[in-house]
Structures are given as structure tokens and as C-alpha cells.
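Take a look at the structure below.
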Amino acid sequence: MNFPELVDADLLGLIFVLIFLGLLVFFLVYERAGKGRLLRPIGAFERFKREIGLAVEAGKRLHVTLGRGSLTGEQAGSALVGLQVLERISRTASISDRPPVATSADGSLTILSQDTERSVFREMGYEGQYDPTAGRLSGLTPFAYAAGTMPVIFDEQVAATILAGHFGSEAALITDAADHSGSLTLAGSDNLNAQALLYAASDEPLIGEELYAAGAYLKAGAAHQASLRAQDVMRWLLVLAILAGAALKLVGIL
Amino acid sequence: MKISISAAIAIAFGCVVLLGYFLPVPLLAMLKDIFLQYGAILAAVALFVGLANLISVHWRRVKQGARGSFYSLVLLLAMGITILVVAYIGPTGSWSMWVFNNIQLPIETSLMALVVVILVFASIRLVRRRLNWFTLLFIGTALLVLLGSAPILGLELPLLHGSGSLRTILSQIPAAAGARGLLLGVALGTIATGLRILIGADRPYSG
């Protein structure tokens with residue numbers, strides 16, 4: 001009997017998720033008790049935080065583009081991180097004359113981006129200043145989306161563009177527009193092809209899981225710091241499991 | 001922690017769908033399928049809301065005479081004509097296919113071709129922007145893989161082409177290993193994001 005027959009894959013998946021959940025709750029309690037450690041500095045987030053302040057002072061706009069991932073698909077995770085980034089910058093930039101603008105290529109993401117901004121404005125007591133067109137559907141196919149996003153960067157005095165979500169090669173058009181308009185680009189994606197492309201084409205690329213750390217670095221709450229710690233532990237568990245699997249295969253047990 | 005009705009609904013539905021994936025319980029699997037179908041229907045409705053948003057943004061630009069409002073007008077006219085044609089003839093009708101094959105396809109293909117040029121410039125800018133060992137490694141590897149993907153003037157060089165070439169070794173061992181590492185990181189990040197929503201710590205919706 002081989003290993004997959006011994007351990008059901010579904011059961012293994014459930015155990016994995018439950019361990020992750022247990023660690024998340026454990027670190028959440030730990031963080032809320034004020035025992036959390038400092039995070040290692042990531043240059044992209046340091047520069048981005050500075051840029052938010054500069055944009056507010058200069059009366060310029062911040063632009064978050066959430067990509068073309070569907071909320072019902074496997075790319076939803078990166079888009080949800082993008083919404084978290086939008087929430088954080090909306091909070092900081094709500095006092096600005098030009099509140100942040102969000103673009104996406106999915107209807108549900110557009111609604112959520114409008115809802116995110118509206119709830120921040122309501123919470124801050126500026127609901128009257130909320131503009132529903134600050135959350136926009138810029139196109140439905142990848143290149144229509146890029147073509148619809150480029151004028152936002154060119155025409156709306158954008159100081160920084162944040163690409164956070166699921167992208168493909170169309171992301172190059174968006175970063176190029178940002179480069180021509182002189183705005184900073186901070187970019188991360190769940191797609192490996194887009195990550196390679198954004199490494200070359202953006203000012204501050206976020207590689208691998210760095211995108212998912214955005215909430216923790218932008219101080220979105222203890223849960224984000226806790227999930228980052230849980231991810232670290234799970235990563236080590238995975239490394240050990242891979243090494244153990246390789247060793248067992250080598251000696252012929254698997 | 002205060003839980004609103006919307007958060008309670010999101011958590012409950014999320015838990016049922018998650019358990020439906022892992023546990024061999026027919027009721028959970030059936031509920032998971034039903035909820036996912038509802039999700040797909042709601043996503044389709046959201047598409048219409050998004051289209052209404054697209055029209056309102058560009059209509060406002062036309063009314064205000066904003067910079068580039070001519071292009072907004074073109075978009076509105078093109079959208080209106082396309083919707084009329086598709087509604088009258090059907091999505092696979094001859095006129096609908098003509099619009100797709102002669103307008104949308106060439107425009108999107110030309111934008112795709114533009115990406116190649118943009119990437120060449122981006123590589124040059126990368127050297128100016130972040131000149132370090134990683135950048136040199138990135139560009140060097142990209143050039144090696146590009147050169148090795150086809151014979152050069154009909155010649156196949158031993159180091160660049162063939163099954164045992166440097167290009168093959170690079171793409172099959174370090175690149176594949178790195179890609180798998182990155183994918184593991186992305187998967188962990190995605191699970192963490194999902195779990196934060198399931199415990200109500202993250203709420204990408206009002207409430």
C-alpha cells in the first residue's frame with residue numbers, strides 16, 4: 001500500500017487547514033497581548049508609506065488596480081489583498097482633496113472596491129465626499145482592462161499606482177503608463193508570469209508571498225501580523241515535509 | 001469582537017463550502033455546489049453593475065468635457081452598437097463575429113504585440129533603476145533562455161540548444177524549483193487570506 005492510499009488527500013488537506021487555523025488563532029492572541037515581534041523591513045512598503053504621505057500633501061491621487069481575478073475563482077486571494085491595501089490607503093488619504101481610485105476587470109471587485117471606500121469614508125465621517133466613480137470597472141478582457149486603466153494614470157494626477165491582484169502580460173501596459181506619467185509603481189501578483197514581468201517593469205516589485213504581507217506592513221490589524229507568523233511556521237512545516245518525503249523516497253519507503 | 005449579520009453569513013457560508021471540499025458528506029458537497037452556483041450567478045449580476053459603472057464614468061467624462069473625453073464617447077458608441085448587434089443577431093451571429101474578428105481581436109492583438117516592445121524597454125530601465133546582482137542574473141537568464149529557444153541563423157549551439165543544454169538545465173532545475181517555492185508562498189498567502197475572512201478578522205464588505 002503506498003502513501004496516498006494510507007492517508008486520504010482530503011483528510012490531509014483538512015488537517016493542514018486546521019493546523020493553520022490553530023496557529024492563526026494562537027498568534028492572534030499572542031499579538032493582541034502585545035508580544036508580537038517587529039517585521040523584517042521590506043523596502044517596497046517603506047517607500048510606499050512615504051509616497052502615500054507625499055501624495056496627500058501634494059494633492060495627488062493614489063491608484064489601486066485590482067487585476068482581473070474573479071472573486072469566485074482561485075485568484076480571489078490576491079484581489080482581496082488588493083482590497084485590503086485600498087482600505088488602508090483610503091483611510092490615510094481620505095483627508096486628501098483627491099481620494100484614491102480603484103480599477104478592476106471584474107464586476108464583483110468593482111462593487112467591493114466602491115464598498116471599501118464608502119465604508120472608510122463613512123467611518124471617518126466624510127461620507128458626503130465619497131465619489132462612487134472612485135471604484136471603476138475599466139474593461140472586461142485583459143487588454144481592454146489595461147487600455148481602460150491607462151487613461152486613469154495619465155489623466156488623474158496619479159502619484160502612485162499599486163497593482164495588487166491577478167494579472168497577466170497586460171500588467172506591462174499599466175506599469176509603462178505609470179512610468180511615463182512619473183508615478184511610482186508597487187506591484188504584486190499571484191501569477192508567476194506576471195511576477196517575472198513586474199520584476200522588470202515596476203519600481204517596487206513584490207515577489208511571492210510578499211504581496212500577502214501587505215496588510216501586516218500597512219498596519220491593518222493584529223490578524224494580519226498573526227497570519228504572517230502562521231505562514232512562516234507553515235512554510236517550515238512544508239519544508240520539513242518535503243525533505244522528509246524526499247528522504248523516504250530515497251530509501252524506498254514511499 | 002462584534003460580529004455583524006453580513007459577517008456571520010459570510011463566515012457560515014465560507015465554513016460550509018470549505019468543509020464541503022474536504023469531508024465526504026453528501027449534504028455538505030451538495031450545499032457547497034449550490035452556494036458556488038449562487039456565487040457564479042451573483043458574479044454575473046455584478047458584471048451588469050460593473051457595466052453600468054463603466055457607462056456612468058465615461059458619460060460623466062463626456063459631459064464634463066474632460067481630457068480624452070472623445071475616447072469616452074467612442075467607447076460609449078462602440079458599446080451601444082455592439083450590445084445592439086449582439087442582442088439582435090445573437091453572440092455567434094455573422095455581424096457579432098465580424099465585430100469580434102475585425103475590431104476587438106486586431107486591437108487586442110496589437111496591444112499584446114506592444115507588450116514585447118514595452119518589456120524590452122522595461123529591461124533597459126531595470127538596469128538604470130536597480131543595478132544589482134539580482135538584476136544582472138535576471139537579465140542574463142532571460143537572454144540565455146531567449147537565445148536558446150530557437151536556432152541562431154540555423155545553427156544549434158551545444159551550450160544553448162538541445163536536451164542537455166544550459167538553457168534546459170536552467171529552466172528545468174533552478175527555475176522550476178524557484179517557481180514551486182514561489183507558488184507555495186502564494187498558496188500559503190491565499191489560505192491565510194481565506195482564513196482571516198473565515199474568522200471574521202478581514203471583512204472586504206460593509207458590516
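Just remember, in the C-alpha cells the first chain shown is A, the second B, etc., residues are 1-based per chain, and ligands are 1-based in the order shown.
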Using only C-alpha atoms, select each residue of chain A with any atom at most 6 Å away from an atom of chain B, and give the selection as a list of chain:residue names.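 Matching residues, ligands excluded from the count: A:Asp10, A:Leu14, A:Gly77, A:Gly107, A:Ser108, A:Leu137, A:Phe143, A:Ala200, A:Ala201, A:Gly208, A:Glu209, A:Tyr212, A:Ser227.
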Go ahead and dump the residues you just picked, all heavy atoms, as an mmCIF file, in the first residue's frame.
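In the end it all went to out_38.cif:
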data_model
loop_
_atom_site.group_PDB
_atom_site.id
_atom_site.type_symbol
_atom_site.label_atom_id
_atom_site.label_comp_id
_atom_site.auth_asym_id
_atom_site.auth_seq_id
_atom_site.Cartn_x
_atom_site.Cartn_y
_atom_site.Cartn_z
ATOM 1 N N ASP A 10 -7.856 14.392 0.987
ATOM 2 C CA ASP A 10 -8.806 15.358 1.528
ATOM 3 C C ASP A 10 -8.605 15.548 3.029
ATOM 4 O O ASP A 10 -8.644 16.661 3.544
ATOM 5 C CB ASP A 10 -10.246 14.901 1.256
ATOM 6 C CG ASP A 10 -10.603 15.058 -0.207
ATOM 7 O OD1 ASP A 10 -9.852 15.758 -0.910
ATOM 8 O OD2 ASP A 10 -11.597 14.481 -0.633
ATOM 9 N N LEU A 14 -7.560 18.896 5.108
ATOM 10 C CA LEU A 14 -8.325 19.441 6.236
ATOM 11 C C LEU A 14 -7.426 19.619 7.464
ATOM 12 O O LEU A 14 -7.499 20.649 8.156
ATOM 13 C CB LEU A 14 -9.503 18.511 6.564
ATOM 14 C CG LEU A 14 -10.469 19.015 7.623
ATOM 15 C CD1 LEU A 14 -11.114 20.323 7.197
ATOM 16 C CD2 LEU A 14 -11.551 17.981 7.919
ATOM 17 N N GLY A 77 -7.735 35.410 -3.699
ATOM 18 C CA GLY A 77 -6.870 35.785 -2.576
ATOM 19 C C GLY A 77 -6.096 37.061 -2.829
ATOM 20 O O GLY A 77 -6.092 37.985 -2.000
ATOM 21 N N GLY A 107 -16.682 42.625 -12.203
ATOM 22 C CA GLY A 107 -17.801 43.373 -11.643
ATOM 23 C C GLY A 107 -17.874 43.307 -10.131
ATOM 24 O O GLY A 107 -18.071 44.321 -9.449
ATOM 25 N N SER A 108 -17.665 42.106 -9.579
ATOM 26 C CA SER A 108 -17.763 41.974 -8.117
ATOM 27 C C SER A 108 -16.634 42.731 -7.418
ATOM 28 O O SER A 108 -16.841 43.320 -6.352
ATOM 29 C CB SER A 108 -17.781 40.505 -7.707
ATOM 30 O OG SER A 108 -16.818 39.796 -8.406
ATOM 31 N N LEU A 137 -14.899 49.769 -13.108
ATOM 32 C CA LEU A 137 -14.617 48.628 -13.977
ATOM 33 C C LEU A 137 -13.969 49.228 -15.222
ATOM 34 O O LEU A 137 -14.603 50.022 -15.917
ATOM 35 C CB LEU A 137 -15.927 47.919 -14.346
ATOM 36 C CG LEU A 137 -15.794 46.721 -15.260
ATOM 37 C CD1 LEU A 137 -15.472 45.481 -14.439
ATOM 38 C CD2 LEU A 137 -17.057 46.475 -16.051
ATOM 39 N N PHE A 143 -6.694 42.921 -22.091
ATOM 40 C CA PHE A 143 -6.108 44.110 -22.712
ATOM 41 C C PHE A 143 -7.076 45.289 -22.722
ATOM 42 O O PHE A 143 -6.640 46.444 -22.679
ATOM 43 C CB PHE A 143 -5.582 43.776 -24.114
ATOM 44 C CG PHE A 143 -4.306 42.993 -24.036
ATOM 45 C CD1 PHE A 143 -4.313 41.623 -24.132
ATOM 46 C CD2 PHE A 143 -3.095 43.630 -23.786
ATOM 47 C CE1 PHE A 143 -3.149 40.885 -23.995
ATOM 48 C CE2 PHE A 143 -1.921 42.908 -23.655
ATOM 49 C CZ PHE A 143 -1.953 41.530 -23.759
ATOM 50 N N ALA A 200 10.658 43.230 -13.707
ATOM 51 C CA ALA A 200 11.381 44.100 -14.644
ATOM 52 C C ALA A 200 10.687 45.450 -14.817
ATOM 53 O O ALA A 200 11.340 46.466 -14.975
ATOM 54 C CB ALA A 200 11.503 43.407 -16.002
ATOM 55 N N ALA A 201 9.361 45.453 -14.772
ATOM 56 C CA ALA A 201 8.643 46.649 -15.221
ATOM 57 C C ALA A 201 8.170 47.587 -14.115
ATOM 58 O O ALA A 201 7.742 48.701 -14.414
ATOM 59 C CB ALA A 201 7.439 46.214 -16.060
ATOM 60 N N GLY A 208 6.580 36.647 -4.743
ATOM 61 C CA GLY A 208 5.999 35.526 -3.983
ATOM 62 C C GLY A 208 4.937 35.996 -3.019
ATOM 63 O O GLY A 208 3.997 36.701 -3.387
ATOM 64 N N GLU A 209 5.137 35.618 -1.740
ATOM 65 C CA GLU A 209 4.093 35.912 -0.749
ATOM 66 C C GLU A 209 4.208 37.315 -0.158
ATOM 67 O O GLU A 209 3.444 37.662 0.737
ATOM 68 C CB GLU A 209 4.108 34.861 0.360
ATOM 69 C CG GLU A 209 5.282 34.924 1.311
ATOM 70 C CD GLU A 209 6.461 34.090 0.863
ATOM 71 O OE1 GLU A 209 6.673 33.991 -0.369
ATOM 72 O OE2 GLU A 209 7.174 33.582 1.731
ATOM 73 N N TYR A 212 1.042 39.179 0.006
ATOM 74 C CA TYR A 212 0.089 38.789 1.054
ATOM 75 C C TYR A 212 0.480 39.357 2.419
ATOM 76 O O TYR A 212 -0.287 39.264 3.368
ATOM 77 C CB TYR A 212 -0.015 37.258 1.122
ATOM 78 C CG TYR A 212 -0.562 36.686 -0.160
ATOM 79 C CD1 TYR A 212 0.281 36.339 -1.210
ATOM 80 C CD2 TYR A 212 -1.921 36.550 -0.350
ATOM 81 C CE1 TYR A 212 -0.210 35.845 -2.399
ATOM 82 C CE2 TYR A 212 -2.429 36.059 -1.534
ATOM 83 C CZ TYR A 212 -1.569 35.715 -2.550
ATOM 84 O OH TYR A 212 -2.075 35.234 -3.732
ATOM 85 N N SER A 227 -1.336 36.216 10.905
ATOM 86 C CA SER A 227 -1.361 35.293 9.763
ATOM 87 C C SER A 227 0.016 35.204 9.113
ATOM 88 O O SER A 227 0.397 34.163 8.586
ATOM 89 C CB SER A 227 -2.429 35.688 8.747
ATOM 90 O OG SER A 227 -2.075 36.847 8.065
#
Could you please write out, as a ChimeraX atom specification, every residue of region 121-241 of chain A that DSSP assigns to strand (DSSP E or B)? /A:135-137,158-166,184-189,204-206
Using DSSP on the backbone coordinates, identify all residues within region 42-73 of chain A classified as alpha helix (DSSP H); present the result as a PyMOL selection string. chain A and resi 43-58
Selection file, N, CA, C and O atoms, as a short mmCIF file (atom, residue, chain, number, x, y, z; two decimals), in the first residue's frame:
data_model
loop_
_atom_site.label_atom_id
_atom_site.label_comp_id
_atom_site.auth_asym_id
_atom_site.auth_seq_id
_atom_site.Cartn_x
_atom_site.Cartn_y
_atom_site.Cartn_z
N GLY A 43 11.61 46.98 1.61
CA GLY A 43 11.82 48.31 1.02
C GLY A 43 10.60 48.85 0.30
O GLY A 43 10.29 50.03 0.39
N ALA A 44 9.88 47.97 -0.40
CA ALA A 44 8.72 48.40 -1.19
C ALA A 44 7.68 49.06 -0.30
O ALA A 44 7.12 50.11 -0.65
N PHE A 45 7.41 48.46 0.85
CA PHE A 45 6.37 49.02 1.72
C PHE A 45 6.83 50.31 2.39
O PHE A 45 6.03 51.21 2.62
N GLU A 46 8.13 50.38 2.72
CA GLU A 46 8.66 51.61 3.33
C GLU A 46 8.49 52.77 2.36
O GLU A 46 8.02 53.84 2.72
N ARG A 47 8.87 52.53 1.11
CA ARG A 47 8.79 53.59 0.09
C ARG A 47 7.33 53.96 -0.19
O ARG A 47 6.99 55.12 -0.38
N PHE A 48 6.48 52.94 -0.17
CA PHE A 48 5.07 53.16 -0.45
C PHE A 48 4.43 54.03 0.63
O PHE A 48 3.66 54.95 0.34
N LYS A 49 4.77 53.74 1.90
CA LYS A 49 4.20 54.53 3.00
C LYS A 49 4.61 56.00 2.88
O LYS A 49 3.83 56.89 3.11
N ARG A 50 5.87 56.21 2.49
CA ARG A 50 6.34 57.59 2.29
C ARG A 50 5.54 58.25 1.16
O ARG A 50 5.14 59.40 1.24
N GLU A 51 5.31 57.47 0.09
CA GLU A 51 4.63 58.01 -1.09
C GLU A 51 3.18 58.40 -0.78
O GLU A 51 2.67 59.38 -1.32
N ILE A 52 2.52 57.64 0.11
CA ILE A 52 1.13 57.98 0.49
C ILE A 52 1.11 59.37 1.11
O ILE A 52 0.31 60.23 0.74
N GLY A 53 2.04 59.61 2.06
CA GLY A 53 2.11 60.92 2.73
C GLY A 53 2.39 62.03 1.73
O GLY A 53 1.73 63.08 1.76
N LEU A 54 3.33 61.78 0.82
CA LEU A 54 3.68 62.81 -0.18
C LEU A 54 2.51 63.10 -1.10
O LEU A 54 2.25 64.26 -1.45
N ALA A 55 1.77 62.05 -1.48
CA ALA A 55 0.63 62.23 -2.38
C ALA A 55 -0.45 63.08 -1.72
O ALA A 55 -1.05 63.95 -2.35
N VAL A 56 -0.71 62.82 -0.44
CA VAL A 56 -1.74 63.59 0.29
C VAL A 56 -1.32 65.05 0.36
O VAL A 56 -2.12 65.96 0.10
N GLU A 57 -0.03 65.27 0.69
CA GLU A 57 0.48 66.66 0.79
C GLU A 57 0.40 67.38 -0.54
O GLU A 57 0.05 68.56 -0.62
N ALA A 58 0.74 66.68 -1.62
CA ALA A 58 0.78 67.32 -2.94
C ALA A 58 -0.60 67.38 -3.61
O ALA A 58 -0.71 67.90 -4.72
#
For region 176-189 of chain A, work out the shell of residues within 8 Å, counting only C-alpha atoms and skipping chain neighbours fewer than 5 positions away, then give it as a PyMOL selection string. (chain A and resi 44+48+78+150+153-154+158-167+194-195+198+201-208+210-211) or (chain B and resi 118+122)
Please produce a file of those selected residues containing C-alpha atoms, as a PDB file, in the first residue's frame.
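again.pdb, written as the output of this step:
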ATOM      1  CA  ALA A  44       8.722  48.400  -1.194  1.00  0.00           C
ATOM      2  CA  PHE A  48       5.067  53.164  -0.454  1.00  0.00           C
ATOM      3  CA  SER A  78      -4.635  38.327  -4.288  1.00  0.00           C
ATOM      4  CA  MET A 150      -4.027  53.642 -18.625  1.00  0.00           C
ATOM      5  CA  ILE A 153      -2.974  57.018 -14.676  1.00  0.00           C
ATOM      6  CA  PHE A 154      -2.388  59.637 -17.388  1.00  0.00           C
ATOM      7  CA  VAL A 158      -1.798  59.763 -10.002  1.00  0.00           C
ATOM      8  CA  ALA A 159       1.231  59.826  -7.675  1.00  0.00           C
ATOM      9  CA  ALA A 160       1.479  56.069  -7.165  1.00  0.00           C
ATOM     10  CA  THR A 161      -0.101  53.004  -8.748  1.00  0.00           C
ATOM     11  CA  ILE A 162      -0.440  49.826  -6.759  1.00  0.00           C
ATOM     12  CA  LEU A 163      -1.013  46.637  -8.737  1.00  0.00           C
ATOM     13  CA  ALA A 164      -2.369  44.034  -6.325  1.00  0.00           C
ATOM     14  CA  GLY A 165      -4.318  41.122  -7.741  1.00  0.00           C
ATOM     15  CA  HIS A 166      -4.310  38.646 -10.584  1.00  0.00           C
ATOM     16  CA  PHE A 167      -2.608  39.911 -13.751  1.00  0.00           C
ATOM     17  CA  ALA A 194       3.156  38.443 -14.024  1.00  0.00           C
ATOM     18  CA  GLN A 195       5.648  38.356 -11.155  1.00  0.00           C
ATOM     19  CA  LEU A 198       6.568  43.058 -12.857  1.00  0.00           C
ATOM     20  CA  ALA A 201       8.643  46.649 -15.221  1.00  0.00           C
ATOM     21  CA  SER A 202       7.708  48.049 -11.802  1.00  0.00           C
ATOM     22  CA  ASP A 203       9.601  50.313  -9.403  1.00  0.00           C
ATOM     23  CA  GLU A 204       8.909  48.159  -6.351  1.00  0.00           C
ATOM     24  CA  PRO A 205       8.021  44.534  -7.159  1.00  0.00           C
ATOM     25  CA  LEU A 206       6.542  42.246  -4.515  1.00  0.00           C
ATOM     26  CA  ILE A 207       7.814  38.719  -5.044  1.00  0.00           C
ATOM     27  CA  GLY A 208       5.999  35.526  -3.983  1.00  0.00           C
ATOM     28  CA  GLU A 210       5.293  39.491  -0.114  1.00  0.00           C
ATOM     29  CA  LEU A 211       2.009  40.694  -1.608  1.00  0.00           C
TER      30      LEU A 211
ATOM     31  CA  ILE B 118       7.478  47.561 -23.565  1.00  0.00           C
ATOM     32  CA  ALA B 122      11.492  47.787 -19.138  1.00  0.00           C
TER      33      ALA B 122
END
If we count only C-alpha atoms and set the cut-off at 9 Å, which residues sit around Tyr217 (chain A), ignoring sequence neighbours fewer than 4 positions away in its own chain? Please answer as JSON, numbers by chain. {"A": [39, 41, 42, 45, 46, 213, 224, 225]}
Choose the residue, out of A:Gln129, A:Ala226, A:Gln157, A:Leu218, that has the smallest atom-to-atom separation from Tyr30 (chain A); count only C-alpha atoms.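 So, comparing all the options, the nearest one is A:Ala226.
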